[in-house]
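Note sheet for the following structure.
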Amino acid sequence: MAIGSSTLDKRGGPRAKTPDSGGSPTGQVQSLTRGLTLLERIAESVSGVSLTDLALQVGLPNSTTHRLLTTMQQAGFVQQVGDLGLWTIGVRAFTVGSAFLDSRELITISYPIMRRLVDAAGETANLTVLDREESLAVLIGQVECREMMRMLAPIGSRMPLHASGAGKAFIATLTDDEVSDSLRKTGLAQYTHSTINTPAKLKEEISRIRRQGFSFDDEEHAVGLRCVAACIYDEYNEPFAAVSVSGPKSRIPDERVVHLGSLVVQAAQDITQAFSGISRPGYPKR
């Protein structure tokens, strides 16, 4: 995330094999897998992406890529826009993706609590969900503060678990084995000079988060940006979402972090109570 501008992290993925076939030994339908990969890459682009760039990203010929895009276009999942014919997400993809949010009403429940959090903290409040499969935190909702300089990010932005406020809040709830699995998937990519870049440092950070009850991103994902976050739990007492406040370092000095942490923890508890009917017990003793 960045201050005052919309950014979206680009993620590399496994390159698809070129030969065309109907299935794979793992039971996947290759054309469906390729189409979903293309859909993800298009979703990651801020203002659209060209056919050639898409083909390069997924390692497919232009002809195969065009055939898949045309099929998805006919179904309304993607569309071409502008004079350059860039590919963007279609209305049907938005409708399908929104079904998850509609079914749980998480944003509806969280919004008034986030609004109060913004009023109390004076900074932008964010709502994210945990993507366990990809080991990422995904932004699904935001209430902006009134300051001229504030954190802005597009809905759907993906954040690393080791280098973001929400991500670190999530990773502190995982077992040691789950943390190891996450690192095998994503590694410890360096985003800024402050990014945690060794397993030993991450272990120390996890212990700190569990002790204080909230996470603190100190310019670890974007220079000049600080973020404080806490987890939201479902009816099974499992962390699945997080709420956070973020803003420029100039407005979140060291002496404000603990206070903002208490506000965020309370907001997380209020959302958990409203959503699942349980009180958040705090981080597990691992």
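Letters A, B, ... mark the chains of the structure tokens in the order given; residue numbers begin at 1 per chain; ligand numbers begin at 1, in order shown.
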So which residues touch region 128-133 of chain A within 7 Å, counting only C-alpha atoms, skipping near sequence neighbours fewer than 3 positions away, as a list in words? Leu136, Ala137, Val138, Leu139, Ile140, Gly141, Ala166, Phe240, Ala241, Ala242 and Val243 of chain A
From the options A:Phe77, A:Phe214, A:Trp87, A:Phe275, which residue's atoms come nearest to Gly165 (chain A), counting only C-alpha atoms? A:Phe214
Identify all residues of region 24-266 of chain A in alpha helix (DSSP H) (DSSP on the backbone) and supply them as number ranges by chain. A: 30-44, 51-58, 62-74, 91-104, 106-121, 165-171, 176-186, 199-212, 254-266
What's around Glu40 (chain A) at 12 Å? Count only C-alpha atoms, leave out sequence neighbours fewer than 4 positions away in its own chain, and write the answer as a list of chain:residue names.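 Skipping anything fewer than 4 positions along the chain leaves A:Lys10, A:Arg11, A:Gly12, A:Gly13, A:Thr33, A:Arg34, A:Gly35, A:Leu36, A:Glu44, A:Ser45, A:Gly48, A:Val49, A:Leu54, A:Gln57, A:Val58, A:Phe77, A:Val78, A:Trp87, A:Thr88, A:Ile89, A:Ala93, A:Gly97, A:Gly156, A:Ser157, A:Arg158.
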Suppose we keep N, CA and C atoms; can you now write the selection as a PDB file, in the first residue's frame?
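Below you can see again27.pdb, which holds the result:
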```
ATOM      1  N   LYS A  10       2.304  -6.728  -7.404  1.00  0.00           N
ATOM      2  CA  LYS A  10       2.356  -7.753  -8.440  1.00  0.00           C
ATOM      3  C   LYS A  10       2.950  -9.012  -7.838  1.00  0.00           C
ATOM      4  N   ARG A  11       2.340 -10.145  -8.099  1.00  0.00           N
ATOM      5  CA  ARG A  11       2.842 -11.405  -7.585  1.00  0.00           C
ATOM      6  C   ARG A  11       3.188 -12.316  -8.735  1.00  0.00           C
ATOM      7  N   GLY A  12       4.329 -12.923  -8.630  1.00  0.00           N
ATOM      8  CA  GLY A  12       4.693 -13.926  -9.627  1.00  0.00           C
ATOM      9  C   GLY A  12       3.953 -15.206  -9.336  1.00  0.00           C
ATOM     10  N   GLY A  13       3.698 -16.032 -10.322  1.00  0.00           N
ATOM     11  CA  GLY A  13       3.000 -17.293 -10.128  1.00  0.00           C
ATOM     12  C   GLY A  13       3.629 -18.365 -10.953  1.00  0.00           C
ATOM     13  N   THR A  33      -7.905 -23.846 -15.264  1.00  0.00           N
ATOM     14  CA  THR A  33      -6.808 -23.326 -14.446  1.00  0.00           C
ATOM     15  C   THR A  33      -6.153 -22.128 -15.115  1.00  0.00           C
ATOM     16  N   ARG A  34      -5.927 -22.245 -16.428  1.00  0.00           N
ATOM     17  CA  ARG A  34      -5.319 -21.134 -17.160  1.00  0.00           C
ATOM     18  C   ARG A  34      -6.219 -19.907 -17.154  1.00  0.00           C
ATOM     19  N   GLY A  35      -7.519 -20.126 -17.354  1.00  0.00           N
ATOM     20  CA  GLY A  35      -8.454 -19.007 -17.364  1.00  0.00           C
ATOM     21  C   GLY A  35      -8.498 -18.291 -16.030  1.00  0.00           C
ATOM     22  N   LEU A  36      -8.495 -19.063 -14.938  1.00  0.00           N
ATOM     23  CA  LEU A  36      -8.514 -18.457 -13.610  1.00  0.00           C
ATOM     24  C   LEU A  36      -7.216 -17.698 -13.330  1.00  0.00           C
ATOM     25  N   GLU A  44      -5.103  -8.043 -10.817  1.00  0.00           N
ATOM     26  CA  GLU A  44      -3.949  -7.415 -10.188  1.00  0.00           C
ATOM     27  C   GLU A  44      -3.511  -6.134 -10.899  1.00  0.00           C
ATOM     28  N   SER A  45      -3.947  -5.951 -12.134  1.00  0.00           N
ATOM     29  CA  SER A  45      -3.565  -4.747 -12.874  1.00  0.00           C
ATOM     30  C   SER A  45      -4.459  -3.588 -12.462  1.00  0.00           C
ATOM     31  N   GLY A  48      -5.761  -2.051 -16.370  1.00  0.00           N
ATOM     32  CA  GLY A  48      -5.889  -2.932 -17.515  1.00  0.00           C
ATOM     33  C   GLY A  48      -4.537  -3.437 -17.982  1.00  0.00           C
ATOM     34  N   VAL A  49      -4.549  -4.536 -18.734  1.00  0.00           N
ATOM     35  CA  VAL A  49      -3.308  -5.154 -19.180  1.00  0.00           C
ATOM     36  C   VAL A  49      -3.487  -5.649 -20.607  1.00  0.00           C
ATOM     37  N   LEU A  54      -0.167 -10.188 -20.771  1.00  0.00           N
ATOM     38  CA  LEU A  54      -0.808 -11.315 -20.100  1.00  0.00           C
ATOM     39  C   LEU A  54      -0.176 -12.635 -20.524  1.00  0.00           C
ATOM     40  N   GLN A  57       3.130 -13.073 -18.862  1.00  0.00           N
ATOM     41  CA  GLN A  57       3.021 -13.325 -17.427  1.00  0.00           C
ATOM     42  C   GLN A  57       2.712 -14.781 -17.123  1.00  0.00           C
ATOM     43  N   VAL A  58       1.865 -15.400 -17.934  1.00  0.00           N
ATOM     44  CA  VAL A  58       1.442 -16.782 -17.648  1.00  0.00           C
ATOM     45  C   VAL A  58       2.162 -17.812 -18.499  1.00  0.00           C
ATOM     46  N   PHE A  77     -16.868 -12.133 -17.713  1.00  0.00           N
ATOM     47  CA  PHE A  77     -15.896 -12.088 -16.634  1.00  0.00           C
ATOM     48  C   PHE A  77     -14.757 -11.099 -16.911  1.00  0.00           C
ATOM     49  N   VAL A  78     -14.471 -10.829 -18.181  1.00  0.00           N
ATOM     50  CA  VAL A  78     -13.464  -9.836 -18.540  1.00  0.00           C
ATOM     51  C   VAL A  78     -14.008  -8.975 -19.665  1.00  0.00           C
ATOM     52  N   TRP A  87      -7.252  -5.345 -21.277  1.00  0.00           N
ATOM     53  CA  TRP A  87      -8.203  -6.250 -20.633  1.00  0.00           C
ATOM     54  C   TRP A  87      -8.385  -5.876 -19.167  1.00  0.00           C
ATOM     55  N   THR A  88      -9.646  -5.787 -18.745  1.00  0.00           N
ATOM     56  CA  THR A  88      -9.979  -5.483 -17.356  1.00  0.00           C
ATOM     57  C   THR A  88     -11.035  -6.462 -16.868  1.00  0.00           C
ATOM     58  N   ILE A  89     -11.287  -6.423 -15.575  1.00  0.00           N
ATOM     59  CA  ILE A  89     -12.299  -7.293 -14.979  1.00  0.00           C
ATOM     60  C   ILE A  89     -13.698  -6.890 -15.451  1.00  0.00           C
ATOM     61  N   ALA A  93     -17.481 -10.995 -13.023  1.00  0.00           N
ATOM     62  CA  ALA A  93     -16.472 -11.350 -12.026  1.00  0.00           C
ATOM     63  C   ALA A  93     -16.723 -10.607 -10.725  1.00  0.00           C
ATOM     64  N   GLY A  97     -17.531 -12.407  -7.187  1.00  0.00           N
ATOM     65  CA  GLY A  97     -16.679 -12.119  -6.046  1.00  0.00           C
ATOM     66  C   GLY A  97     -17.437 -11.485  -4.889  1.00  0.00           C
ATOM     67  N   GLY A 156      -9.220  -5.276  -3.019  1.00  0.00           N
ATOM     68  CA  GLY A 156      -8.637  -6.437  -3.671  1.00  0.00           C
ATOM     69  C   GLY A 156      -7.124  -6.466  -3.578  1.00  0.00           C
ATOM     70  N   SER A 157      -6.507  -5.392  -3.053  1.00  0.00           N
ATOM     71  CA  SER A 157      -5.053  -5.375  -2.879  1.00  0.00           C
ATOM     72  C   SER A 157      -4.624  -6.547  -2.003  1.00  0.00           C
ATOM     73  N   ARG A 158      -3.508  -7.140  -2.361  1.00  0.00           N
ATOM     74  CA  ARG A 158      -2.984  -8.295  -1.629  1.00  0.00           C
ATOM     75  C   ARG A 158      -1.711  -7.903  -0.898  1.00  0.00           C
TER      76      ARG A 158
END
```
